[in-house]
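File shown here: query_17.txt, holding compact mmCIF, C-alpha atoms and all ligand atoms.
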```
# COMPACT_ATOMS: atom_id res chain seq x y z
CA MET T 136 44.53 184.35 -133.51
CA PRO T 137 41.41 186.52 -133.51
CA ARG T 138 38.42 185.43 -131.48
CA LEU T 139 34.91 186.66 -130.95
CA TYR T 140 33.77 187.67 -127.47
CA PRO T 141 30.04 188.39 -127.09
CA LEU T 142 30.44 190.55 -123.97
CA PHE T 143 26.81 191.73 -123.78
CA SER T 144 23.75 190.90 -125.85
CA GLY T 145 20.05 191.80 -125.64
CA SER T 146 17.82 194.75 -124.95
CA SER T 147 19.82 195.64 -121.83
CA GLY T 148 22.95 196.28 -123.88
CA ASN T 149 25.03 194.98 -126.75
CA CYS T 150 28.81 194.85 -127.10
CA TYR T 151 31.11 192.45 -128.97
CA TYR T 152 34.89 192.27 -129.10
CA LEU T 153 36.53 190.75 -132.15
CA GLY T 154 40.28 190.32 -132.19
CA SER T 155 43.27 188.86 -130.43
CA SER T 156 44.56 189.80 -126.99
CA GLU T 157 46.93 192.24 -128.76
CA ARG T 158 44.41 194.16 -130.85
CA GLY T 159 40.79 194.16 -131.83
CA ILE T 160 37.63 196.16 -132.36
CA LEU T 161 34.36 196.61 -130.53
CA ILE T 162 30.99 196.39 -132.24
CA ASP T 163 28.61 198.61 -130.19
CA THR T 164 29.05 199.81 -126.63
CA GLY T 165 25.59 199.44 -125.11
CA ARG T 166 26.65 199.19 -121.47
CA SER T 167 28.48 201.59 -119.20
CA ALA T 168 32.17 202.12 -119.95
CA LYS T 169 32.98 200.58 -116.57
CA GLN T 170 31.00 197.40 -117.28
CA ILE T 171 32.62 197.03 -120.71
CA VAL T 172 36.15 197.51 -119.37
CA THR T 173 35.43 194.94 -116.64
CA ALA T 174 33.98 192.44 -119.12
CA LEU T 175 37.05 192.81 -121.33
CA GLY T 176 39.28 192.29 -118.30
CA ASP T 177 37.37 189.14 -117.32
CA ASN T 178 38.41 187.72 -120.70
CA GLY T 179 42.05 188.83 -120.37
CA LEU T 180 41.50 191.74 -122.79
CA ASP T 181 42.52 195.36 -122.37
CA ILE T 182 40.59 198.43 -123.54
CA LYS T 183 43.98 199.89 -124.60
CA ASN T 184 44.11 197.35 -127.41
CA VAL T 185 40.78 198.40 -128.93
CA MET T 186 41.62 200.04 -132.28
CA GLY T 187 38.12 201.26 -133.03
CA ILE T 188 34.44 201.13 -132.08
CA PHE T 189 31.93 200.36 -134.83
CA VAL T 190 28.41 201.52 -133.97
CA THR T 191 25.39 199.85 -135.58
CA HIS T 192 22.84 202.57 -134.71
CA GLU T 193 21.89 205.23 -132.16
CA HIS T 194 19.52 203.25 -129.89
CA SER T 195 20.67 203.35 -126.28
CA ASP T 196 21.20 199.57 -125.97
CA HIS T 197 24.04 200.05 -128.50
CA ILE T 198 25.67 203.30 -127.44
CA SER T 199 25.15 203.95 -123.72
CA GLY T 200 28.87 203.61 -122.91
CA LEU T 201 30.11 205.22 -126.12
CA ARG T 202 30.97 208.78 -125.11
CA VAL T 203 32.87 207.90 -121.93
CA LEU T 204 34.61 204.85 -123.39
CA ALA T 205 35.72 206.59 -126.59
CA SER T 206 36.77 209.92 -125.08
CA ARG T 207 38.51 208.52 -122.01
CA ASN T 208 40.51 205.97 -124.00
CA ARG T 209 40.83 208.02 -127.21
CA ILE T 210 39.33 205.28 -129.35
CA PRO T 211 38.15 206.31 -132.83
CA VAL T 212 34.47 205.63 -133.53
CA PHE T 213 32.93 204.64 -136.86
CA ALA T 214 29.29 204.57 -137.96
CA SER T 215 26.98 205.39 -140.87
CA PRO T 216 26.55 209.09 -141.79
CA GLY T 217 22.93 208.88 -140.58
CA THR T 218 23.91 207.45 -137.19
CA ILE T 219 26.58 210.12 -136.76
CA SER T 220 24.09 212.95 -137.31
CA ALA T 221 21.52 211.27 -135.03
CA LEU T 222 24.15 210.96 -132.28
CA SER T 223 25.21 214.61 -132.68
CA GLN T 224 21.64 215.92 -132.78
CA LYS T 225 20.83 214.12 -129.55
CA ASN T 226 24.07 215.42 -127.97
CA ILE T 227 25.14 211.87 -127.27
CA ILE T 228 28.64 212.58 -128.50
CA ASP T 229 30.75 215.70 -128.03
CA GLU T 230 33.95 217.10 -129.56
CA LYS T 231 36.05 214.77 -127.42
CA VAL T 232 34.80 211.82 -129.47
CA GLU T 233 36.58 211.29 -132.78
CA ILE T 234 33.87 209.88 -135.04
CA SER T 235 34.04 209.18 -138.79
CA PRO T 236 31.64 207.75 -141.35
CA VAL T 237 32.26 204.33 -142.86
CA THR T 238 31.45 204.12 -146.56
CA LEU T 239 29.82 201.02 -148.02
CA THR T 240 33.11 199.98 -149.62
CA GLY T 241 34.49 199.40 -146.15
CA MET T 242 37.74 200.29 -144.43
CA GLU T 243 40.95 198.81 -143.15
CA ILE T 244 41.67 198.97 -139.45
CA GLY T 245 44.89 197.35 -138.23
CA ASP T 246 44.97 193.87 -139.70
CA MET T 247 41.18 193.78 -140.27
CA TYR T 248 38.86 194.93 -143.01
CA VAL T 249 35.39 196.09 -141.95
CA THR T 250 32.55 196.41 -144.46
CA PRO T 251 29.13 197.77 -143.48
CA PHE T 252 25.72 196.92 -144.87
CA HIS T 253 22.35 198.53 -144.24
CA THR T 254 19.83 197.03 -141.84
CA SER T 255 16.05 197.60 -141.84
CA HIS T 256 15.33 199.17 -138.46
CA ASP T 257 13.52 202.17 -136.97
CA CYS T 258 16.63 204.29 -136.60
CA ALA T 259 18.36 206.96 -138.71
CA GLU T 260 20.61 204.67 -140.78
CA GLY T 261 21.35 201.28 -139.26
CA TYR T 262 24.46 199.35 -140.20
CA GLY T 263 25.53 195.76 -139.71
CA TYR T 264 29.16 194.83 -140.33
CA THR T 265 31.24 192.05 -141.78
CA VAL T 266 34.82 191.80 -140.61
CA LEU T 267 37.62 190.04 -142.42
CA THR T 268 40.32 189.04 -139.96
CA SER T 269 44.01 188.21 -140.52
CA ASP T 270 43.28 184.47 -140.59
CA GLY T 271 41.11 184.97 -143.68
CA ARG T 272 37.83 184.41 -141.84
CA LYS T 273 34.77 186.56 -142.24
CA THR T 274 32.51 187.35 -139.28
CA ALA T 275 29.15 189.05 -139.73
CA PHE T 276 27.13 191.07 -137.21
CA ALA T 277 23.44 191.27 -138.15
CA THR T 278 21.12 192.43 -135.39
CA ASP T 279 18.34 195.02 -135.08
CA THR T 280 16.62 194.41 -138.37
CA GLY T 281 12.97 193.73 -139.18
CA TYR T 282 13.92 191.36 -141.95
CA ILE T 283 16.98 190.27 -143.91
CA THR T 284 17.13 192.48 -147.00
CA GLU T 285 18.86 191.39 -150.19
CA GLU T 286 21.75 193.70 -149.36
CA MET T 287 22.10 191.97 -145.99
CA HIS T 288 21.83 188.51 -147.48
CA SER T 289 24.66 189.21 -149.94
CA ALA T 290 26.80 190.55 -147.11
CA LEU T 291 26.14 187.55 -144.86
CA GLU T 292 26.69 184.92 -147.52
CA GLY T 293 30.11 183.34 -147.32
CA SER T 294 30.69 184.40 -143.71
CA ASP T 295 32.36 181.79 -141.52
CA THR T 296 30.73 183.09 -138.35
CA VAL T 297 27.41 184.91 -138.19
CA VAL T 298 26.11 186.81 -135.19
CA ILE T 299 22.41 186.98 -136.01
CA GLU T 300 19.41 188.38 -134.18
CA SER T 301 16.89 185.87 -132.79
CA ASN T 302 14.87 188.51 -130.99
CA HIS T 303 11.47 187.09 -130.20
CA ASP T 304 9.06 184.23 -130.46
CA VAL T 305 6.13 185.64 -132.43
CA ARG T 306 3.51 183.88 -130.27
CA MET T 307 5.09 185.02 -127.01
CA LEU T 308 5.16 188.57 -128.33
CA GLN T 309 1.55 188.49 -129.59
CA ASN T 310 0.25 187.02 -126.32
CA GLY T 311 2.51 189.12 -124.11
CA PHE T 312 1.88 192.29 -122.17
CA TYR T 313 3.51 194.78 -124.57
CA PRO T 314 1.20 197.56 -125.78
CA TYR T 315 -0.24 197.03 -129.27
CA VAL T 316 1.88 199.82 -130.82
CA LEU T 317 5.10 198.32 -129.52
CA LYS T 318 4.13 194.83 -130.72
CA GLU T 319 3.43 196.26 -134.18
CA ARG T 320 6.78 198.07 -134.13
CA ILE T 321 8.75 194.93 -133.25
CA LEU T 322 6.92 192.82 -135.85
CA SER T 323 7.27 195.43 -138.62
CA GLU T 324 9.85 195.48 -141.40
CA LYS T 325 11.72 198.07 -139.34
CA GLY T 326 11.62 196.08 -136.11
CA HIS T 327 13.43 192.97 -134.94
CA LEU T 328 14.07 189.51 -136.37
CA SER T 329 11.94 186.66 -134.97
CA ASN T 330 13.22 183.19 -134.05
CA ASP T 331 11.49 181.76 -137.15
CA ALA T 332 12.99 184.31 -139.55
CA CYS T 333 16.41 183.79 -137.96
CA ALA T 334 16.14 179.99 -138.30
CA ASP T 335 15.22 180.26 -142.01
CA LYS T 336 18.15 182.52 -142.71
CA ILE T 337 20.61 180.28 -140.83
CA MET T 338 19.39 177.33 -142.88
CA GLN T 339 20.12 179.20 -146.12
CA LEU T 340 23.52 180.30 -144.85
CA VAL T 341 24.55 176.77 -143.82
CA GLU T 342 23.66 175.64 -147.33
CA LYS T 343 26.05 178.31 -148.62
CA GLY T 344 28.90 177.21 -146.35
CA SER T 345 28.61 179.21 -143.12
CA THR T 346 29.24 177.01 -140.08
CA ARG T 347 29.17 179.07 -136.90
CA PHE T 348 26.19 180.94 -135.55
CA LEU T 349 25.65 183.01 -132.48
CA LEU T 350 22.01 183.90 -131.73
CA ALA T 351 21.95 187.44 -130.42
CA HIS T 352 19.79 190.28 -129.12
CA LEU T 353 17.19 187.98 -127.49
CA SER T 354 14.24 189.74 -125.91
CA ARG T 355 13.97 189.07 -122.19
CA GLU T 356 10.16 189.37 -122.25
CA ASN T 357 9.32 187.71 -125.55
CA ASN T 358 11.84 184.92 -125.83
CA ILE T 359 13.59 182.15 -123.91
CA PRO T 360 17.16 181.14 -124.87
CA VAL T 361 16.23 177.46 -125.21
CA LEU T 362 13.27 178.34 -127.44
CA ALA T 363 15.42 180.48 -129.75
CA GLU T 364 17.99 177.70 -129.91
CA ASN T 365 15.43 174.93 -130.57
CA THR T 366 13.67 176.92 -133.30
CA SER T 367 16.89 177.12 -135.35
CA VAL T 368 18.08 173.59 -134.54
CA CYS T 369 14.66 172.16 -135.55
CA VAL T 370 14.58 173.93 -138.92
CA LEU T 371 18.16 172.84 -139.62
CA SER T 372 17.51 169.21 -138.67
CA GLN T 373 14.40 169.18 -140.90
CA HIS T 374 16.84 169.99 -143.70
CA GLY T 375 19.19 167.19 -142.72
CA MET T 376 21.81 169.37 -141.04
CA LYS T 377 23.40 167.99 -137.89
CA ARG T 378 24.43 170.25 -135.05
CA ASN T 379 28.15 170.09 -134.15
CA GLU T 380 28.81 168.22 -137.39
CA ASP T 381 27.48 170.55 -140.06
CA TYR T 382 27.33 173.67 -137.92
CA ILE T 383 27.90 175.09 -134.44
CA LEU T 384 25.20 177.21 -132.83
CA LYS T 385 25.10 179.03 -129.49
CA VAL T 386 23.05 181.69 -127.80
CA ALA T 387 24.91 184.85 -126.80
CA PRO T 388 24.35 185.35 -123.07
CA GLU T 389 22.92 188.62 -121.81
CA LYS T 390 26.22 189.28 -120.07
CA GLY T 391 29.44 187.54 -119.15
CA GLY T 392 30.01 186.11 -122.61
CA GLU T 393 33.24 184.23 -123.13
CA ALA T 394 35.09 183.55 -126.37
CA PHE T 395 32.87 181.91 -128.97
CA ILE T 396 34.39 178.84 -130.63
CA TYR T 397 35.82 180.47 -133.66
ZN ZN T 401 17.62 199.22 -132.18
ZN ZN T 402 19.05 196.87 -130.08
```
Any chance you could put this one into structure tokens?
Amino acid sequence: MPRLYPLFSGSSGNCYYLGSSERGILIDTGRSAKQIVTALGDNGLDIKNVMGIFVTHEHSDHISGLRVLASRNRIPVFASPGTISALSQKNIIDEKVEISPVTLTGMEIGDMYVTPFHTSHDCAEGYGYTVLTSDGRKTAFATDTGYITEEMHSALEGSDTVVIESNHDVRMLQNGFYPYVLKERILSEKGHLSNDACADKIMQLVEKGSTRFLLAHLSRENNIPVLAENTSVCVLSQHGMKRNEDYILKVAPEKGGEAFIY
């Protein structure tokens, strides 16, 4: 039975494992190869069973362990054409890494089907992914996006489990110590999703039948896990939706994530 393991989440590194103990995939590898292998081991998982790595975009919090992890363990890597050229231009990957583009129609890998969708982020060509697993469930990964585009919304709709960015509290960010330019970047359409925007989207997705949510990519400086959680739970309860009855919601920890109820 496939399960979702949020191994690392946040600006210090992102990495998710989706699959069973026999085989699975990684979404992003934003920590050192050693840390990722250890985190897998802590959950009884083995890097040898990773069939592929799906990269969302070229920012370091998503790819810092990529080259070593992929070349040492001969794991094929998949990403958007834009991300692949950005990674090559920056010499982040070399010929030892087998990397291929994923088209928008998606691809089969083992007993899974992975379909990408575009995100709105200040990178070459950001992707999020939905993954259909052998039990017929659909899991979506939607982080690093300034807003939820129509393309993203269509991809997320109908997902059983949604990993969604709840990056910052707008007031904390505005009143915080970040330089003006960085604040503007985060708040822009090519930045990151706020707690409020995340809560609104979750509400719409629950109405369409999604039941499991994992709040991800929280900012350490401009957010607090309990604040992110309360923002979504409040919006949902205002719409008459009861936590643990109508939906399950958790915050992905920065590290040491265990299997999410799936
Ligand atoms: Zn990013
Ligand atoms: Zn990021």
TODO: Identify, on the basis of only C-alpha atoms, every residue whose closest approach to T:Ile227 does not exceed 7 Å; exclude the query and any residue fewer than 3 positions from it along the same chain; express the result as JSON, numbers by chain.
DONE: {"T": [202, 222, 223]}
Open item on the list: Nearest residue to ligand ZN 402 (chain T) out of T:Ile383, T:Val190, T:Leu142, T:Leu204, using all atoms listed in the file?
Closed with: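 Comparing T:Ile383, T:Val190, T:Leu142, T:Leu204 against ligand ZN 402 (chain T), the winner is T:Val190.
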Task: From T:Ser144, T:His327, T:Met287, T:Met186, residue lying nearest T:Glu243 [all atoms listed in the file] - done: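 When distances to T:Glu243 are compared using all atoms listed in the file, the smallest one comes from T:Met186.
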With a cut-off of 8 Å, could you pull out the residues of chain T touching ligand ZN 402 (chain T) and give me the nearest pair of atoms for each, distance in Å to one decimal, using all atoms listed in the file, ordered by chain and ascending number, as CSV?
```
residue,atom,partner,partner_atom,distance
T:Gly145,CA,T:ZN402,ZN,6.8
T:Ser146,CA,T:ZN402,ZN,5.7
T:Gly148,CA,T:ZN402,ZN,7.3
T:Asn149,CA,T:ZN402,ZN,7.1
T:His194,CA,T:ZN402,ZN,6.4
T:Ser195,CA,T:ZN402,ZN,7.7
T:Asp196,CA,T:ZN402,ZN,5.4
T:His197,CA,T:ZN402,ZN,6.1
T:Thr278,CA,T:ZN402,ZN,7.2
T:Asp279,CA,T:ZN402,ZN,5.4
T:His352,CA,T:ZN402,ZN,6.7
```
Task: Polymer residues at most 12 Å from T:Ile198, all atoms listed in the file, same-chain spacing of 4 or more positions, as a PyMOL selection string - done: chain T and resi 146-150+161-168+171+188-194+202-205+212-214+218-219+221-222+227-228
With C-alpha atoms retained, could you export that selection as a JSON list (two decimals), keeping the file's coordinate frame?
```
[["chain", "number", "residue", "atom", "x", "y", "z"],
["T", 146, "SER", "CA", 17.82, 194.75, -124.95],
["T", 147, "SER", "CA", 19.82, 195.64, -121.83],
["T", 148, "GLY", "CA", 22.95, 196.28, -123.88],
["T", 149, "ASN", "CA", 25.03, 194.98, -126.75],
["T", 150, "CYS", "CA", 28.81, 194.85, -127.10],
["T", 161, "LEU", "CA", 34.36, 196.61, -130.53],
["T", 162, "ILE", "CA", 30.99, 196.39, -132.24],
["T", 163, "ASP", "CA", 28.61, 198.61, -130.19],
["T", 164, "THR", "CA", 29.05, 199.81, -126.63],
["T", 165, "GLY", "CA", 25.59, 199.44, -125.11],
["T", 166, "ARG", "CA", 26.65, 199.19, -121.47],
["T", 167, "SER", "CA", 28.48, 201.59, -119.20],
["T", 168, "ALA", "CA", 32.17, 202.12, -119.95],
["T", 171, "ILE", "CA", 32.62, 197.03, -120.71],
["T", 188, "ILE", "CA", 34.44, 201.13, -132.08],
["T", 189, "PHE", "CA", 31.93, 200.36, -134.83],
["T", 190, "VAL", "CA", 28.41, 201.52, -133.97],
["T", 191, "THR", "CA", 25.39, 199.85, -135.58],
["T", 192, "HIS", "CA", 22.84, 202.57, -134.71],
["T", 193, "GLU", "CA", 21.89, 205.23, -132.16],
["T", 194, "HIS", "CA", 19.52, 203.25, -129.89],
["T", 202, "ARG", "CA", 30.97, 208.78, -125.11],
["T", 203, "VAL", "CA", 32.87, 207.90, -121.93],
["T", 204, "LEU", "CA", 34.61, 204.85, -123.39],
["T", 205, "ALA", "CA", 35.72, 206.59, -126.59],
["T", 212, "VAL", "CA", 34.47, 205.63, -133.53],
["T", 213, "PHE", "CA", 32.93, 204.64, -136.86],
["T", 214, "ALA", "CA", 29.29, 204.57, -137.96],
["T", 218, "THR", "CA", 23.91, 207.45, -137.19],
["T", 219, "ILE", "CA", 26.58, 210.12, -136.76],
["T", 221, "ALA", "CA", 21.52, 211.27, -135.03],
["T", 222, "LEU", "CA", 24.15, 210.96, -132.28],
["T", 227, "ILE", "CA", 25.14, 211.87, -127.27],
["T", 228, "ILE", "CA", 28.64, 212.58, -128.50]]
```
- [ ] Give me, please, the distance in Å between atom CA of T:Pro360 and atom CA of T:Leu384, quoted to one decimal.
- [x]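 Separation of atom CA of T:Pro360 and atom CA of T:Leu384: 12.0 Å.
Counting all atoms listed in the file and comparing T:Gly179, T:Asn184, T:Glu380, T:Cys333, the residue that lies closest to T:Asn365 is T:Cys333.
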Taking all listed atoms of stretch 256-268 of chain T, build the axis-aligned box, pad each of the six sides by 8 Å, then write its centre and edge lengths in Å to one decimal as lines of an AutoDock Vina configuration file.
```
center_x = 26.9
center_y = 198.0
center_z = -139.5
size_x = 42.8
size_y = 33.9
size_z = 21.8
```
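Atom pair atom CA of T:Ser155 / atom CA of T:Leu180: separated by 8.4 Å.
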Give me the residues within 9 Å of stretch 307-323 of chain T as a compact mmCIF listing (two decimals) with C-alpha atoms, in the coordinates of the input, counting all atoms listed in the file and dropping any in the same chain fewer than 5 places off.
```txt
# COMPACT_ATOMS: atom_id res chain seq x y z
CA HIS T 256 15.33 199.17 -138.46
CA ASP T 257 13.52 202.17 -136.97
CA GLY T 281 12.97 193.73 -139.18
CA TYR T 282 13.92 191.36 -141.95
CA LEU T 328 14.07 189.51 -136.37
CA SER T 329 11.94 186.66 -134.97
CA GLU T 356 10.16 189.37 -122.25
CA ASN T 357 9.32 187.71 -125.55
CA ASN T 358 11.84 184.92 -125.83
```
Open item on the list: Just to confirm, what's the straight-line distance from atom CA of T:Val368 to atom CA of T:Ala334 in Å (one decimal)?
Closed with: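 Result for atom CA of T:Val368 versus atom CA of T:Ala334: 7.7 Å, one decimal.
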Task: Shell of 9 Å around T:Ala275, only C-alpha atoms, local chain residues under 6 positions omitted, as a ChimeraX atom specification - done: /T:263-267,290-291,294-299
- [ ] Could you check which of T:His303, T:Lys385, T:Lys325, T:Arg138 is closest to ligand ZN 401 (chain T), using all atoms listed in the file?
- [x]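 Among T:His303, T:Lys385, T:Lys325, T:Arg138, it is T:Lys325 that comes nearest to ligand ZN 401 (chain T).
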Open item on the list: Under the rule that only C-alpha atoms and all ligand atoms are counted, which of T:Val341, T:Ala394, T:Ala277, T:Ala332 is the nearest residue to ligand ZN 401 (chain T)?
Closed with: T:Ala277
Open item on the list: So, with only C-alpha atoms and all ligand atoms as the atoms that count, which of T:Leu362, T:Cys258, T:Leu201, T:Cys369 lies closest to ligand ZN 401 (chain T)?
Closed with: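 Once distances to ligand ZN 401 (chain T) are computed over only C-alpha atoms and all ligand atoms, the minimum belongs to T:Cys258.
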Please tell me which residues are no farther than 10 Å from (43.4, 199.1, -139.8) in the file, counting only C-alpha atoms, and write them as a PDB file with C-alpha atoms, keeping the file's coordinate frame.
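Output file point28.pdb follows:
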```
ATOM      1  CA  GLY T 159      40.790 194.160-131.830  1.00  0.00           C
ATOM      2  CA  ILE T 160      37.630 196.160-132.360  1.00  0.00           C
ATOM      3  CA  MET T 186      41.620 200.040-132.280  1.00  0.00           C
ATOM      4  CA  GLY T 187      38.120 201.260-133.030  1.00  0.00           C
ATOM      5  CA  MET T 242      37.740 200.290-144.430  1.00  0.00           C
ATOM      6  CA  GLU T 243      40.950 198.810-143.150  1.00  0.00           C
ATOM      7  CA  ILE T 244      41.670 198.970-139.450  1.00  0.00           C
ATOM      8  CA  GLY T 245      44.890 197.350-138.230  1.00  0.00           C
ATOM      9  CA  ASP T 246      44.970 193.870-139.700  1.00  0.00           C
ATOM     10  CA  MET T 247      41.180 193.780-140.270  1.00  0.00           C
ATOM     11  CA  TYR T 248      38.860 194.930-143.010  1.00  0.00           C
ATOM     12  CA  VAL T 249      35.390 196.090-141.950  1.00  0.00           C
TER      13      VAL T 249
END
```
Task: Expected residue set, 12 Å radius at (14.8, 172.7, -134.6), only C-alpha atoms, as a ChimeraX atom specification - done: /T:330-331,333-335,337-338,361-378,384
